[in-house]
Amino acid sequence: KIFDALKRLYARPDLDARLPQQVGVGLQRLYSKQHSDGGWGWWANDRSNPAITAYVVFGLAKAREADFTVDERVLDLGIQYLRSTLKAPDALKDWELNRQAFTLYALAVAGQGEPNRAGALYEVRERLGNFGKAYLALALNLIDDKAAPARIGTLLADLAGQAITSATSTHWEEGAPEQIFGQPERQE
């Protein structure tokens with residue numbers, strides 16, 4: 001667990017004593033910002049946003065994994081909202097496919113993997129950006145699916161083929177942010 005490794009690396013008894021209370025305060029803030037449809041938005045009074053909700057569900061699942069008490073009803077409602085946002089890849093723009101890859105990863109981290117949806121997204125992997133491929137590989141790694149190991153291998157090979165290597169580093173380049181994330185939603 002990453003949390004346990006960080007605790008060992010940065011042993012600070014003064015912080016350890018305050019951490020449960022601070023996490024509890026943060027969780028209560030998240031709970032209070034959840035919308036009636038189960039999602040979260042950028043603000044308390046705006047529309048639910050699949051990307052923000054995926055990050056919150058991911059965070060709640062990681063908090064639970066680190067043995068913090070998480071309100072399972074809140075997490076379940078977030079999972080239900082995310083599932084309602086999943087669409088067939090053919091109906092999505094390329095940037096939406098990348099977002100769906102992260103959504104599938106967040107669901108898998110929460111123990112709610114979607115093997116059929118991940119398989120469908122894998123079939124259109126050439127439309128994913130590099131980070132979308134990486135999140136899909138991470139999701140597949142958490143999903144109990146016989147096809148997952150071969151699919152992960154292909155996605156990692158695709159990523160390795162896109163790597164730009166110099167004498168001192170390796171990196172990947174993506175398009176402009178709007179090509180990856182779409183245009184920001186405007187408040188009305």
# chains A, B, ... in the order shown; residues from 1 in each chain; ligands from 1
$ residues_around --residues "Ala134 in chain A" --least-positions-apart "5" --cutoff "8 Å" --atoms "only C-alpha atoms" --output "list in words"
Leu155, Leu156 and Leu159 of chain A
$ write_last_selection --atoms "C-alpha atoms" --output "PDB file, in the first residue's frame"
ATOM      1  CA  LEU A 155      -1.354  -1.317 -24.434  1.00  0.00           C
ATOM      2  CA  LEU A 156       2.108  -1.228 -22.843  1.00  0.00           C
ATOM      3  CA  LEU A 159       2.907   3.204 -24.968  1.00  0.00           C
TER       4      LEU A 159
END
$ closest_atom_pairs --of "range 59-114 of chain A" --to "range 127-132 of chain A" --cutoff "7 Å" --atoms "only C-alpha atoms" --output "CSV"
residue,atom,partner,partner_atom,distance
A:Asp94,CA,A:Arg127,CA,5.8
A:Leu97,CA,A:Leu128,CA,6.3
A:Asn98,CA,A:Gly132,CA,4.4
A:Ala101,CA,A:Gly132,CA,5.4
A:Phe102,CA,A:Gly132,CA,6.8
$ write_last_selection --atoms "C-alpha atoms" --output "compact mmCIF listing (two decimals), in the first residue's frame"
# COMPACT_ATOMS: atom_id res chain seq x y z
CA ASP A 94 -11.71 10.86 -28.58
CA LEU A 97 -12.73 7.96 -24.50
CA ASN A 98 -9.77 9.14 -22.41
CA ALA A 101 -10.59 5.11 -19.42
CA PHE A 102 -10.01 6.98 -16.15
$ residues_around --residues "His171 in chain A" --least-positions-apart "5" --cutoff "10 Å" --atoms "only C-alpha atoms" --output "list in words"
Ala160, Gln162, Ala163, Ile164, Thr165 and Ser166 of chain A
$ atom_distance --atom1 "CA of Lys146 in chain A" --atom2 "CA of Glu114 in chain A"
13.3 Å
$ residues_around --residues "range 74-78 of chain A" --least-positions-apart "4" --cutoff "12 Å" --atoms "only C-alpha atoms" --output "NGL selection string"
:A and (27-41 or 48-64 or 69-70 or 82-85 or 103 or 106-107 or 109-112)
$ select_by_dssp --residues "range 15-183 of chain A" --states "strand (DSSP E)" --output "tab-separated table (two decimals) with N, CA and C atoms, in the first residue's frame"
chain	number	residue	atom	x	y	z
A	164	ILE	N	9.27	8.97	-26.15
A	164	ILE	CA	10.34	9.78	-26.73
A	164	ILE	C	11.51	9.70	-25.76
A	165	THR	N	12.59	9.09	-26.20
A	165	THR	CA	13.72	8.82	-25.32
A	165	THR	C	14.91	9.67	-25.72
A	170	THR	N	12.92	9.80	-20.56
A	170	THR	CA	11.88	9.28	-21.45
A	170	THR	C	10.60	10.01	-21.10
A	171	HIS	N	9.86	10.44	-22.12
A	171	HIS	CA	8.59	11.12	-21.88
A	171	HIS	C	7.64	10.84	-23.03
$ residues_around --residues "Ala150 in chain A" --least-positions-apart "3" --cutoff "12 Å" --atoms "only C-alpha atoms" --output "list in words"
Gly119, Tyr122, Ala137, Leu140, Asn141, Asp145, Lys146, Ala147, Gly153, Thr154, Leu155, Leu156 and Ala157 of chain A
$ write_last_selection --atoms "all heavy atoms" --output "PDB file, in the first residue's frame"
ATOM      1  N   GLY A 119     -13.203  -3.942 -22.215  1.00  0.00           N
ATOM      2  CA  GLY A 119     -12.937  -4.652 -23.465  1.00  0.00           C
ATOM      3  C   GLY A 119     -13.377  -3.860 -24.677  1.00  0.00           C
ATOM      4  O   GLY A 119     -12.673  -3.806 -25.697  1.00  0.00           O
ATOM      5  N   TYR A 122     -10.929  -1.094 -25.170  1.00  0.00           N
ATOM      6  CA  TYR A 122      -9.688  -1.658 -25.715  1.00  0.00           C
ATOM      7  C   TYR A 122      -9.778  -1.810 -27.233  1.00  0.00           C
ATOM      8  O   TYR A 122      -8.802  -1.581 -27.943  1.00  0.00           O
ATOM      9  CB  TYR A 122      -9.392  -3.015 -25.056  1.00  0.00           C
ATOM     10  CG  TYR A 122      -8.242  -3.732 -25.690  1.00  0.00           C
ATOM     11  CD1 TYR A 122      -6.935  -3.416 -25.341  1.00  0.00           C
ATOM     12  CD2 TYR A 122      -8.449  -4.720 -26.654  1.00  0.00           C
ATOM     13  CE1 TYR A 122      -5.867  -4.067 -25.932  1.00  0.00           C
ATOM     14  CE2 TYR A 122      -7.386  -5.366 -27.250  1.00  0.00           C
ATOM     15  CZ  TYR A 122      -6.105  -5.041 -26.891  1.00  0.00           C
ATOM     16  OH  TYR A 122      -5.036  -5.673 -27.486  1.00  0.00           O
ATOM     17  N   ALA A 137      -4.939   0.297 -19.147  1.00  0.00           N
ATOM     18  CA  ALA A 137      -4.076  -0.817 -18.715  1.00  0.00           C
ATOM     19  C   ALA A 137      -4.179  -1.020 -17.207  1.00  0.00           C
ATOM     20  O   ALA A 137      -4.262  -2.162 -16.727  1.00  0.00           O
ATOM     21  CB  ALA A 137      -2.621  -0.563 -19.135  1.00  0.00           C
ATOM     22  N   LEU A 140      -7.557  -2.648 -16.475  1.00  0.00           N
ATOM     23  CA  LEU A 140      -7.536  -4.065 -16.850  1.00  0.00           C
ATOM     24  C   LEU A 140      -6.748  -4.898 -15.846  1.00  0.00           C
ATOM     25  O   LEU A 140      -7.091  -6.050 -15.584  1.00  0.00           O
ATOM     26  CB  LEU A 140      -6.948  -4.237 -18.257  1.00  0.00           C
ATOM     27  CG  LEU A 140      -7.847  -3.786 -19.402  1.00  0.00           C
ATOM     28  CD1 LEU A 140      -7.051  -3.688 -20.693  1.00  0.00           C
ATOM     29  CD2 LEU A 140      -9.029  -4.726 -19.556  1.00  0.00           C
ATOM     30  N   ASN A 141      -5.705  -4.312 -15.283  1.00  0.00           N
ATOM     31  CA  ASN A 141      -4.894  -5.022 -14.300  1.00  0.00           C
ATOM     32  C   ASN A 141      -5.694  -5.362 -13.035  1.00  0.00           C
ATOM     33  O   ASN A 141      -5.385  -6.330 -12.349  1.00  0.00           O
ATOM     34  CB  ASN A 141      -3.665  -4.196 -13.934  1.00  0.00           C
ATOM     35  CG  ASN A 141      -2.711  -4.956 -13.058  1.00  0.00           C
ATOM     36  OD1 ASN A 141      -2.293  -6.063 -13.383  1.00  0.00           O
ATOM     37  ND2 ASN A 141      -2.361  -4.378 -11.930  1.00  0.00           N
ATOM     38  N   ASP A 145     -10.281 -10.782 -15.645  1.00  0.00           N
ATOM     39  CA  ASP A 145     -10.696 -11.079 -17.003  1.00  0.00           C
ATOM     40  C   ASP A 145      -9.567 -11.860 -17.675  1.00  0.00           C
ATOM     41  O   ASP A 145      -8.403 -11.452 -17.615  1.00  0.00           O
ATOM     42  CB  ASP A 145     -10.967  -9.760 -17.741  1.00  0.00           C
ATOM     43  CG  ASP A 145     -11.428  -9.936 -19.168  1.00  0.00           C
ATOM     44  OD1 ASP A 145     -11.789 -11.059 -19.553  1.00  0.00           O
ATOM     45  OD2 ASP A 145     -11.425  -8.933 -19.893  1.00  0.00           O
ATOM     46  N   LYS A 146      -9.895 -12.958 -18.309  1.00  0.00           N
ATOM     47  CA  LYS A 146      -8.873 -13.801 -18.935  1.00  0.00           C
ATOM     48  C   LYS A 146      -8.129 -13.089 -20.059  1.00  0.00           C
ATOM     49  O   LYS A 146      -6.972 -13.372 -20.325  1.00  0.00           O
ATOM     50  CB  LYS A 146      -9.505 -15.091 -19.461  1.00  0.00           C
ATOM     51  CG  LYS A 146      -9.967 -16.009 -18.368  1.00  0.00           C
ATOM     52  CD  LYS A 146     -10.614 -17.258 -18.925  1.00  0.00           C
ATOM     53  CE  LYS A 146     -11.138 -18.093 -17.763  1.00  0.00           C
ATOM     54  NZ  LYS A 146     -11.907 -19.246 -18.203  1.00  0.00           N
ATOM     55  N   ALA A 147      -8.800 -12.160 -20.723  1.00  0.00           N
ATOM     56  CA  ALA A 147      -8.170 -11.437 -21.834  1.00  0.00           C
ATOM     57  C   ALA A 147      -7.266 -10.302 -21.354  1.00  0.00           C
ATOM     58  O   ALA A 147      -6.498  -9.755 -22.143  1.00  0.00           O
ATOM     59  CB  ALA A 147      -9.238 -10.887 -22.767  1.00  0.00           C
ATOM     60  N   GLY A 153      -0.527  -6.129 -22.229  1.00  0.00           N
ATOM     61  CA  GLY A 153       0.727  -6.205 -22.989  1.00  0.00           C
ATOM     62  C   GLY A 153       0.683  -5.363 -24.251  1.00  0.00           C
ATOM     63  O   GLY A 153       1.647  -4.658 -24.575  1.00  0.00           O
ATOM     64  N   THR A 154      -0.430  -5.415 -24.950  1.00  0.00           N
ATOM     65  CA  THR A 154      -0.570  -4.613 -26.168  1.00  0.00           C
ATOM     66  C   THR A 154      -0.570  -3.123 -25.849  1.00  0.00           C
ATOM     67  O   THR A 154       0.089  -2.325 -26.533  1.00  0.00           O
ATOM     68  CB  THR A 154      -1.858  -5.002 -26.919  1.00  0.00           C
ATOM     69  OG1 THR A 154      -1.773  -6.378 -27.278  1.00  0.00           O
ATOM     70  CG2 THR A 154      -2.061  -4.157 -28.158  1.00  0.00           C
ATOM     71  N   LEU A 155      -1.309  -2.735 -24.814  1.00  0.00           N
ATOM     72  CA  LEU A 155      -1.354  -1.317 -24.434  1.00  0.00           C
ATOM     73  C   LEU A 155       0.030  -0.820 -24.012  1.00  0.00           C
ATOM     74  O   LEU A 155       0.441   0.286 -24.395  1.00  0.00           O
ATOM     75  CB  LEU A 155      -2.360  -1.097 -23.308  1.00  0.00           C
ATOM     76  CG  LEU A 155      -3.825  -1.229 -23.708  1.00  0.00           C
ATOM     77  CD1 LEU A 155      -4.712  -1.347 -22.480  1.00  0.00           C
ATOM     78  CD2 LEU A 155      -4.260  -0.059 -24.580  1.00  0.00           C
ATOM     79  N   LEU A 156       0.763  -1.633 -23.260  1.00  0.00           N
ATOM     80  CA  LEU A 156       2.108  -1.228 -22.843  1.00  0.00           C
ATOM     81  C   LEU A 156       3.053  -1.138 -24.039  1.00  0.00           C
ATOM     82  O   LEU A 156       3.901  -0.234 -24.102  1.00  0.00           O
ATOM     83  CB  LEU A 156       2.647  -2.185 -21.783  1.00  0.00           C
ATOM     84  CG  LEU A 156       1.910  -2.165 -20.442  1.00  0.00           C
ATOM     85  CD1 LEU A 156       2.530  -3.170 -19.477  1.00  0.00           C
ATOM     86  CD2 LEU A 156       1.884  -0.774 -19.845  1.00  0.00           C
ATOM     87  N   ALA A 157       2.891  -2.041 -25.001  1.00  0.00           N
ATOM     88  CA  ALA A 157       3.701  -1.963 -26.228  1.00  0.00           C
ATOM     89  C   ALA A 157       3.368  -0.694 -27.005  1.00  0.00           C
ATOM     90  O   ALA A 157       4.270  -0.021 -27.535  1.00  0.00           O
ATOM     91  CB  ALA A 157       3.482  -3.203 -27.089  1.00  0.00           C
TER      92      ALA A 157
END
$ select_by_dssp --residues "range 6-173 of chain A" --states "alpha helix (DSSP H)" --output "number ranges by chain"
A: 6-9, 13-33, 50-65, 72-85, 94-109, 115-123, 130-142, 148-162
